Each structure stands twice: as structure tokens, then as C-alpha cells.
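Participant: Structure below; questions to follow.
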Amino acid sequence: MAYILLAEDDDSMRNFLGRSLRRAGHTVEEVGDGSEALDLVRREQDFDLLLADIVMPGMDGIELAQRVSGEYPNVRIMLITGFAAVAVRAKEAFGNRTKVLSKPFHLKDLIDEIETILAA
């Protein structure tokens with residue numbers, strides 16, 4: 001399975017997603033903001049996937065994804081958001097290189113999308 005970095009500022013959502021991804025067989029590191037995520041990627045350098053909320057204080061998910069994809073092109077990226085306009089902005093910025101999943105989503109859909117991204 002995959003080594004996933006989960007960046008989500010909402011504690012309950014981060015805990016839920018982390019537990020769910022572990023139950024699906026993945027190894028997950030959880031952080032609460034984009035800056036912490038970028039620091040961890042730079043230290044670890046072996047993540048398979050960055051799963052990040054777009055709207056976070058400080059460094060948002062779009063900036064985080066741009067930095068990670070620029071420095072570590074082998075890390076696949078998936079963004080999640082509860083804001084439709086932000087999802088459109090992310091799709092415009094990344095095109096088909098990055099999957100954007102809008103909240104609310106079914107957990108099965110998230111797991112399926114992750115599996116698709118990792119298989120590509």
C-alpha cells in the first residue's frame with residue numbers, strides 16, 4: 001500500500017481520514033497545516049501521495065501542492081475542499097495532474113480515487 005501525507009486543518013476530519021486510510025491498508029502521517037506538511041515532505045522525501053485540504057490557514061493546499069509537485073514530481077497529489085469555487089481554481093491550476101475531490105464525499109469514493117491515482 002501507499003505512504004500518504006494527510007494535511008487537514010480540521011482535527012476531527014483529519015483524525016477520521018487518517019483512521020480510514022489506515023484501515024484501507026495505507027501508512028499515514030497527519031499534519032494540521034501546509035507549512036508543517038512541506039517540512040515533513042522535505043524531511044521524509046518518500047511519500048507516495050499528498051492528500052491535502054485546499055483551505056487551510058497559512059499555506060493553503062494549492063500552494064502546498066505546487067511546491068511539492070515542483071520539488072518532488074514523483075509524489076502524487078489529491079486535494080479536497082468544501083468550496084466549489086476553490087475546486088474550480090484548483091482544477092484550473094493543475095489540470096489533470098491533480099485530482100480534486102469536493103466535500104462532502106463518500107469515504108469509498110475517496111479510497112477508490114486514491115487507488116486510481118496510485119495505480120497511474
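Letters A, B, ... mark the chains of the C-alpha cells in the order given; residue numbers begin at 1 per chain; ligand numbers begin at 1, in order shown.
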Within 9 Å of Arg42 in chain A, counting only C-alpha atoms, which residues qualify if same-chain residues fewer than 6 places away don't, as a list of chain:residue names?

Facilitator: A:Val68, A:Glu71, A:Tyr72

Participant: Those residues with C-alpha atoms, as a JSON list (two decimals), in the first residue's frame please?

Facilitator:
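New file part_39.json:
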[["chain", "number", "residue", "atom", "x", "y", "z"],
["A", 68, "VAL", "CA", 5.55, 19.59, -3.52],
["A", 71, "GLU", "CA", 10.31, 19.72, -5.71],
["A", 72, "TYR", "CA", 9.14, 16.09, -5.69]]

Participant: Would you kindly return, as a PyMOL selection string, each protein, DNA or RNA residue with an atom no farther than 12 Å from any atom of Arg23 in chain A, considering only C-alpha atoms and excluding same-chain residues fewer than 4 positions away?

Facilitator: chain A and resi 1+16-19+27-28+107-108+111

Participant: Would you mind reading off the distance between CA of Arg67 in chain A and CA of Ala24 in chain A, one decimal, in Å?

Facilitator: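 Straight-line distance from CA of Arg67 in chain A to CA of Ala24 in chain A works out to 27.5 Å.
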
Participant: So which one's closest to Ile117 in chain A, A:Glu29, A:Glu36, A:Asp48, A:Asp11? Using only C-alpha atoms, please.

Facilitator: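 Closest to Ile117 in chain A, using only C-alpha atoms: A:Asp48.
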
Participant: If you run DSSP on the backbone here, which positions in range 1-75 of chain A get alpha helix (DSSP H)? Please write them as a ChimeraX atom specification.

Facilitator: /A:11-23,34-44,61-71

Participant: Those selected residues, please, written with N, CA and C atoms and delivered as an mmCIF file, in the first residue's frame.

Facilitator:
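The result, written out as out_9.cif:
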data_model
loop_
_atom_site.group_PDB
_atom_site.id
_atom_site.type_symbol
_atom_site.label_atom_id
_atom_site.label_comp_id
_atom_site.auth_asym_id
_atom_site.auth_seq_id
_atom_site.Cartn_x
_atom_site.Cartn_y
_atom_site.Cartn_z
ATOM 1 N N ASP A 11 -9.325 19.110 12.915
ATOM 2 C CA ASP A 11 -8.861 17.957 13.695
ATOM 3 C C ASP A 11 -9.738 16.724 13.517
ATOM 4 N N SER A 12 -11.060 16.896 13.608
ATOM 5 C CA SER A 12 -11.943 15.734 13.516
ATOM 6 C C SER A 12 -11.891 15.105 12.118
ATOM 7 N N MET A 13 -11.834 15.918 11.079
ATOM 8 C CA MET A 13 -11.744 15.393 9.714
ATOM 9 C C MET A 13 -10.404 14.694 9.510
ATOM 10 N N ARG A 14 -9.326 15.305 10.004
ATOM 11 C CA ARG A 14 -8.004 14.706 9.859
ATOM 12 C C ARG A 14 -7.940 13.353 10.573
ATOM 13 N N ASN A 15 -8.463 13.287 11.784
ATOM 14 C CA ASN A 15 -8.451 12.029 12.535
ATOM 15 C C ASN A 15 -9.286 10.960 11.827
ATOM 16 N N PHE A 16 -10.455 11.343 11.349
ATOM 17 C CA PHE A 16 -11.335 10.406 10.649
ATOM 18 C C PHE A 16 -10.668 9.870 9.380
ATOM 19 N N LEU A 17 -10.135 10.780 8.566
ATOM 20 C CA LEU A 17 -9.494 10.360 7.322
ATOM 21 C C LEU A 17 -8.254 9.508 7.592
ATOM 22 N N GLY A 18 -7.473 9.898 8.572
ATOM 23 C CA GLY A 18 -6.279 9.124 8.914
ATOM 24 C C GLY A 18 -6.624 7.704 9.317
ATOM 25 N N ARG A 19 -7.603 7.562 10.209
ATOM 26 C CA ARG A 19 -8.041 6.221 10.632
ATOM 27 C C ARG A 19 -8.559 5.412 9.448
ATOM 28 N N SER A 20 -9.358 6.047 8.615
ATOM 29 C CA SER A 20 -9.952 5.353 7.469
ATOM 30 C C SER A 20 -8.893 4.892 6.473
ATOM 31 N N LEU A 21 -7.914 5.736 6.209
ATOM 32 C CA LEU A 21 -6.849 5.364 5.282
ATOM 33 C C LEU A 21 -5.989 4.232 5.850
ATOM 34 N N ARG A 22 -5.765 4.256 7.155
ATOM 35 C CA ARG A 22 -5.012 3.162 7.775
ATOM 36 C C ARG A 22 -5.787 1.851 7.681
ATOM 37 N N ARG A 23 -7.096 1.915 7.905
ATOM 38 C CA ARG A 23 -7.927 0.713 7.778
ATOM 39 C C ARG A 23 -7.906 0.165 6.354
ATOM 40 N N GLY A 34 -0.269 23.466 5.971
ATOM 41 C CA GLY A 34 0.573 23.311 4.793
ATOM 42 C C GLY A 34 2.054 23.439 5.072
ATOM 43 N N SER A 35 2.437 24.356 5.947
ATOM 44 C CA SER A 35 3.856 24.539 6.256
ATOM 45 C C SER A 35 4.443 23.303 6.918
ATOM 46 N N GLU A 36 3.703 22.740 7.834
ATOM 47 C CA GLU A 36 4.145 21.520 8.515
ATOM 48 C C GLU A 36 4.244 20.363 7.512
ATOM 49 N N ALA A 37 3.293 20.311 6.579
ATOM 50 C CA ALA A 37 3.321 19.266 5.544
ATOM 51 C C ALA A 37 4.552 19.399 4.661
ATOM 52 N N LEU A 38 4.861 20.618 4.233
ATOM 53 C CA LEU A 38 6.019 20.831 3.374
ATOM 54 C C LEU A 38 7.310 20.460 4.107
ATOM 55 N N ASP A 39 7.414 20.831 5.371
ATOM 56 C CA ASP A 39 8.591 20.461 6.163
ATOM 57 C C ASP A 39 8.740 18.945 6.243
ATOM 58 N N LEU A 40 7.632 18.249 6.448
ATOM 59 C CA LEU A 40 7.682 16.793 6.563
ATOM 60 C C LEU A 40 8.054 16.134 5.235
ATOM 61 N N VAL A 41 7.520 16.639 4.138
ATOM 62 C CA VAL A 41 7.879 16.098 2.819
ATOM 63 C C VAL A 41 9.371 16.270 2.587
ATOM 64 N N ARG A 42 9.888 17.406 2.949
ATOM 65 C CA ARG A 42 11.317 17.671 2.747
ATOM 66 C C ARG A 42 12.187 16.775 3.624
ATOM 67 N N ARG A 43 11.707 16.410 4.811
ATOM 68 C CA ARG A 43 12.471 15.518 5.697
ATOM 69 C C ARG A 43 12.348 14.059 5.269
ATOM 70 N N GLU A 44 11.146 13.621 4.954
ATOM 71 C CA GLU A 44 10.885 12.208 4.646
ATOM 72 C C GLU A 44 11.228 11.864 3.198
ATOM 73 N N GLY A 61 -3.662 24.514 0.499
ATOM 74 C CA GLY A 61 -3.373 23.273 -0.196
ATOM 75 C C GLY A 61 -2.878 23.458 -1.614
ATOM 76 N N ILE A 62 -3.325 24.507 -2.289
ATOM 77 C CA ILE A 62 -2.876 24.747 -3.659
ATOM 78 C C ILE A 62 -1.392 25.123 -3.669
ATOM 79 N N GLU A 63 -0.997 26.047 -2.805
ATOM 80 C CA GLU A 63 0.420 26.414 -2.732
ATOM 81 C C GLU A 63 1.267 25.215 -2.305
ATOM 82 N N LEU A 64 0.772 24.460 -1.337
ATOM 83 C CA LEU A 64 1.482 23.262 -0.896
ATOM 84 C C LEU A 64 1.657 22.286 -2.059
ATOM 85 N N ALA A 65 0.595 22.040 -2.792
ATOM 86 C CA ALA A 65 0.659 21.110 -3.919
ATOM 87 C C ALA A 65 1.628 21.599 -4.995
ATOM 88 N N GLN A 66 1.632 22.897 -5.254
ATOM 89 C CA GLN A 66 2.557 23.443 -6.247
ATOM 90 C C GLN A 66 4.007 23.245 -5.808
ATOM 91 N N ARG A 67 4.283 23.502 -4.550
ATOM 92 C CA ARG A 67 5.657 23.348 -4.053
ATOM 93 C C ARG A 67 6.089 21.886 -4.055
ATOM 94 N N VAL A 68 5.205 21.014 -3.575
ATOM 95 C CA VAL A 68 5.552 19.591 -3.521
ATOM 96 C C VAL A 68 5.742 19.039 -4.929
ATOM 97 N N SER A 69 4.829 19.362 -5.842
ATOM 98 C CA SER A 69 4.953 18.825 -7.208
ATOM 99 C C SER A 69 6.196 19.385 -7.907
ATOM 100 N N GLY A 70 6.590 20.609 -7.578
ATOM 101 C CA GLY A 70 7.791 21.188 -8.163
ATOM 102 C C GLY A 70 9.072 20.558 -7.638
ATOM 103 N N GLU A 71 9.103 20.276 -6.342
ATOM 104 C CA GLU A 71 10.308 19.724 -5.715
ATOM 105 C C GLU A 71 10.366 18.196 -5.766
#

Participant: Out of A:Asp46, A:Pro57, A:Asn74, A:His26, which residue has the shortest atom-to-atom distance to Asp10 in chain A when counting only C-alpha atoms?

Facilitator: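 Nearest to Asp10 in chain A: A:Pro57.
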
Participant: Can you work out the spacing between CA of Arg76 in chain A and CA of Asp33 in chain A in Å, to one decimal?

Facilitator: 18.2 Å

Participant: Which one of A:Leu79, A:Leu50, A:Met59, A:Ala119 sits closest to Leu101 in chain A if you count only C-alpha atoms?

Facilitator: A:Leu79

Participant: I'd like to know which residues of range 20-90 of chain A are strand (DSSP E or B) (by DSSP, run on the backbone); could you write them as a list in words?

Facilitator: Thr27, Val28, Glu29, Glu30, Val31, Leu49, Leu50, Leu51, Ala52, Asp53, Arg76, Ile77, Met78, Leu79, Ile80 and Thr81 of chain A

Participant: For the atom pair CA of Ile80 in chain A and CA of Lys103 in chain A, what is the interatomic distance in Å to one decimal place?

Facilitator: 6.7 Å

Participant: What's the 6 Å shell around Leu6 in chain A, counting only C-alpha atoms, without same-chain residues fewer than 2 positions away, as a ChimeraX atom specification?

Facilitator: /A:30,51-52
